[in-house]
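Student: Below is one structure. I have some questions about it.
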Amino acid sequence: MPVRTTLLPKSALLHVELYGTVLPGELWAALTRAYQDPGYIHGMTEVGDFRGVTDMQAGYDDMLTFTKAFTEFHNANAEPLTLFLLDQNQLGFSIGEMFMAFSETLPSTVDLHVMPGYPEIFAALDLSEDQIAEFPPHCQDETHLL
């Protein structure tokens, strides 16, 4: 599964995009690399875009393991994490809703929001034009809605 993680310094956030087939461990491995980047700031907002996922090979136990690792990592940070997820339901289920269901069973400092599109995220974060310009062009397609 291709996972693209990009630190956006003007926006102080981590942008994560997933494409293709979700395999166990790949997302956590990509996030771990991003968290080790010197530009990463603990507690910075994260935006996860799952809309490019076409197949899910990770099962229940894999998702639970990921959710626990993600939650434990962010619970150890002094600053709580705000997480925005963009999701679709083309797989017959929502990855965001699955993650949210697991998250609700764990003690967590993660403030989770499942959003319908980038304009809603940009508005919720009150991002400036310069900050929005850091996102890949395909994320800016609907900025006229702001």
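How things are named: the first chain in the structure tokens is A, the next is B, and so on; residues count from 1 in each chain; ligands count from 1 in the order shown.
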Counting only C-alpha atoms, which residues of stretch 43-144 of chain A fall within 10 Å of stretch 26-33 of chain A, and what is the closest atom pair for each with its distance in Å at one decimal, ordered by chain and rising number, as CSV?

Tutor:
```
residue,atom,partner,partner_atom,distance
A:Ala58,CA,A:Glu26,CA,9.7
A:Thr65,CA,A:Trp28,CA,9.8
A:Phe66,CA,A:Trp28,CA,6.7
A:Thr67,CA,A:Trp28,CA,9.4
A:Ala69,CA,A:Trp28,CA,8.1
A:Phe70,CA,A:Trp28,CA,7.7
A:Phe73,CA,A:Thr32,CA,9.7
```

Student: Save the residues we just selected, N, CA and C atoms, as a short mmCIF file (atom, residue, chain, number, x, y, z; two decimals), in the first residue's frame?

Tutor:
```
data_model
loop_
_atom_site.label_atom_id
_atom_site.label_comp_id
_atom_site.auth_asym_id
_atom_site.auth_seq_id
_atom_site.Cartn_x
_atom_site.Cartn_y
_atom_site.Cartn_z
N ALA A 58 -5.87 -5.73 5.96
CA ALA A 58 -5.70 -5.70 7.41
C ALA A 58 -7.03 -6.10 8.05
N THR A 65 -4.49 -3.61 16.77
CA THR A 65 -3.07 -3.42 17.08
C THR A 65 -2.62 -2.03 16.67
N PHE A 66 -3.00 -1.61 15.45
CA PHE A 66 -2.64 -0.27 14.98
C PHE A 66 -3.23 0.80 15.90
N THR A 67 -4.51 0.67 16.21
CA THR A 67 -5.19 1.67 17.02
C THR A 67 -4.54 1.78 18.40
N ALA A 69 -1.37 1.02 19.21
CA ALA A 69 -0.04 1.63 19.06
C ALA A 69 -0.16 3.13 18.82
N PHE A 70 -1.07 3.53 17.94
CA PHE A 70 -1.28 4.95 17.62
C PHE A 70 -1.71 5.71 18.87
N PHE A 73 1.11 5.93 21.53
CA PHE A 73 2.12 6.90 21.12
C PHE A 73 1.66 8.32 21.44
#
```

Student: Report as a list in words: the residues of stretch 63-110 of chain A with a DSSP assignment of strand (DSSP E), based on the backbone of this structure.

Tutor: Thr82, Leu83, Phe84, Leu85 and Leu86 of chain A

Student: Quick one: pick out all helix (DSSP H, G or I) residues within stretch 18-132 of chain A from a backbone DSSP run and write them as number ranges by chain.

Tutor: A: 26-35, 60-75, 95-103, 118-125, 129-132

Student: Between A:Thr6, A:Thr45, A:Thr105, A:Ser11, which is the closest to A:His74 once you count only C-alpha atoms?

Tutor: A:Thr45

Student: List the neighbours of A:Ala12 out to 9 Å using only C-alpha atoms; skip same-chain residues closer than 4 positions along the sequence, and give me the result as a ChimeraX atom specification.

Tutor: /A:7-8,40-41,44-46,131

Student: Could you take the residues named above and write them with C-alpha atoms, as a PDB file, in the first residue's frame?

Tutor:
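Contents of out.pdb, as written:
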```pdb
ATOM      1  CA  LEU A   7       4.996  17.409   7.079  1.00  0.00           C
ATOM      2  CA  LEU A   8       3.444  20.808   6.334  1.00  0.00           C
ATOM      3  CA  TYR A  40       7.703  16.598  13.464  1.00  0.00           C
ATOM      4  CA  ILE A  41       6.324  18.284  16.586  1.00  0.00           C
ATOM      5  CA  MET A  44       0.785  18.525  15.768  1.00  0.00           C
ATOM      6  CA  THR A  45      -2.522  18.080  13.966  1.00  0.00           C
ATOM      7  CA  GLU A  46      -2.803  15.126  11.588  1.00  0.00           C
ATOM      8  CA  GLN A 131      -1.189  27.159   4.618  1.00  0.00           C
TER       9      GLN A 131
END
```
